[in-house]
Amino acid sequence: SPTTMRQAYHFHNQFDHPDAVFLRVLRARKWNVDQAYTMLLEVLGWRISFDVAGILTRGEPAIPRHLWDDGLGFIHGVDRSGRPICHVRIKHCHPSKQPVLQLQQFTVLCLENCRLFMHGSVEKYTILLDMAGFSLSNLDLSFVQWYVKAFSMYMPETLGLFVIYRAPWIFTPAWKIIAPWLDPVVAGKVVFVSSAEELQKVVDPKYLPVSVGGSYATEYSYEAPDKAEEELIDSIKKDADGREKALEKRIQAAEALDDVTRRLHAALDEKASAGDVDGLADERSKLSAEYTQAVVDLDYFIRGRTRYHRNG
């Protein structure tokens with residue numbers, strides 16, 4: 001329904017500027033408005049059907065613990081373009097240990113968390129796929145096919161670079177199967193890197209663990225929620241009044257932003273004076289900032305805690 005799609009749009013924004021999702025689908029569809037609108041509906045429909053909101057709310061405890069302990073995927077540092085990096089260590093991917101759906105949910109949670117680290121002009125993230133220790137048992141083609149489709153159709157214009165590091169020769173036959181699945185835009189963001197020297201051209205070594213040829217000495221470790229965090233989560237769940245107030249604040253901010261957007265468009269259509277247009281544009285910028293702050297305030301109540309909250 002329109003109401004459900006509208007709710008999905010507002011939840012999708014997270015900490016992004018409220019125009020970001022529109023700009024992403026427009027760029028993905030080469031500024032064809034009709035095609036971009038269709039893609040937007042597909043993106044929001046997928047987020048509803050895949051229950052992305054629920055994945056974020058349930059958080060880490062709903063994902064098999066070994067995926068966190070092993071460090072299959074985690075966020076650390078930025079590349080030389082300032083994009084946050086999601087490190088993926090393929091040797092820790094064991095499709096036989098859990099249903100494919102749980103791998104998908106883990107992936108969505110990791111990538112949605114990546115968006116929390118995008119600020120200002122940074123609108124994309126980089127994925128660093130470390131292929132060290134890879135064997136064919138780490139590969140599930142049905143998962144890879146879903147992954148490729150997710151980037152192309154449901155997470156448009158969020159991937160900045162996909163670095164495949166230290167790919168062994170046994171990966172070559174699999175890549176010949178995978179490559180044709182890639183959208184040309186996504187394919188253009190895939191880079192194969194074989195040495196630490198090459199990798200350091202993409203990422204400053206201070207953001208690279210020693211295990212991949214960098215100088216960051218602290219290796220990944222997962223810090224599970226402690227008793228204090230469990231008590232905090234319990235108190236947040238019980239604070240229904242706080243949640244409702246935060247939700248109402250976000251709803252009001254969204255309505256105010258929608259209203260000024262309609263007035264700005266009307267002023268442009270009617271060829272209003274430059275002063276009137278500039279005034280409405282300034283008002284919209286102010287309300288956009290208020291909307292984003294309302295989203296941040298609501299996020300406290302609807303997003304599960306993560307290791308990134310624990311580590312500050």
# chains A, B, ... in the order shown; residues from 1 in each chain; ligands from 1
>>> select_by_dssp(residues="stretch 43-88 of chain A", states="helix (DSSP H, G or I)", output="VMD selection string")
chain A and resid 43 to 49 52 to 58 60 to 62 65 to 70
>>> atom_distance(atom1="atom CA of A:Val296", atom2="atom CA of A:Leu26")
25.2 Å
>>> residues_around(residues="A:Pro173", least_positions_apart="6", cutoff="12 Å", atoms="only C-alpha atoms", output="ChimeraX atom specification")
/A:136,139,167,179
>>> closest_residue(among="A:Arg243, A:His17, A:Lys238, A:Arg80", to="A:Ser121", atoms="only C-alpha atoms")
A:His17
>>> residues_around(residues="A:Pro61", least_positions_apart="6", cutoff="10 Å", atoms="only C-alpha atoms", output="PDB file with N, CA, C and O atoms, in the first residue's frame")
ATOM      1  N   TRP A  68      29.907 -13.894  13.580  1.00  0.00           N
ATOM      2  CA  TRP A  68      30.535 -12.743  14.237  1.00  0.00           C
ATOM      3  C   TRP A  68      31.885 -13.127  14.817  1.00  0.00           C
ATOM      4  O   TRP A  68      32.865 -12.382  14.700  1.00  0.00           O
ATOM      5  N   ALA A 224      31.040  -9.663  22.466  1.00  0.00           N
ATOM      6  CA  ALA A 224      29.620  -9.973  22.645  1.00  0.00           C
ATOM      7  C   ALA A 224      28.983  -9.000  23.638  1.00  0.00           C
ATOM      8  O   ALA A 224      29.675  -8.394  24.462  1.00  0.00           O
ATOM      9  N   PRO A 225      27.670  -8.819  23.552  1.00  0.00           N
ATOM     10  CA  PRO A 225      26.982  -7.942  24.509  1.00  0.00           C
ATOM     11  C   PRO A 225      27.221  -8.402  25.942  1.00  0.00           C
ATOM     12  O   PRO A 225      27.169  -9.600  26.229  1.00  0.00           O
ATOM     13  N   GLY A 304      19.046  -2.536  16.673  1.00  0.00           N
ATOM     14  CA  GLY A 304      19.751  -3.329  17.671  1.00  0.00           C
ATOM     15  C   GLY A 304      21.169  -2.818  17.868  1.00  0.00           C
ATOM     16  O   GLY A 304      21.780  -2.261  16.945  1.00  0.00           O
ATOM     17  N   ARG A 305      21.717  -2.998  19.057  1.00  0.00           N
ATOM     18  CA  ARG A 305      23.098  -2.576  19.323  1.00  0.00           C
ATOM     19  C   ARG A 305      24.075  -3.476  18.551  1.00  0.00           C
ATOM     20  O   ARG A 305      23.809  -4.653  18.308  1.00  0.00           O
ATOM     21  N   THR A 306      25.221  -2.923  18.172  1.00  0.00           N
ATOM     22  CA  THR A 306      26.223  -3.653  17.419  1.00  0.00           C
ATOM     23  C   THR A 306      27.592  -3.483  18.082  1.00  0.00           C
ATOM     24  O   THR A 306      27.771  -2.682  19.007  1.00  0.00           O
TER      25      THR A 306
END
>>> closest_residue(among="A:Ser49, A:Thr158, A:Ser152, A:Thr4", to="A:Arg24", atoms="only C-alpha atoms")
A:Thr158
>>> atom_distance(atom1="atom CA of A:Asn138", atom2="atom CA of A:His94")
5.3 Å
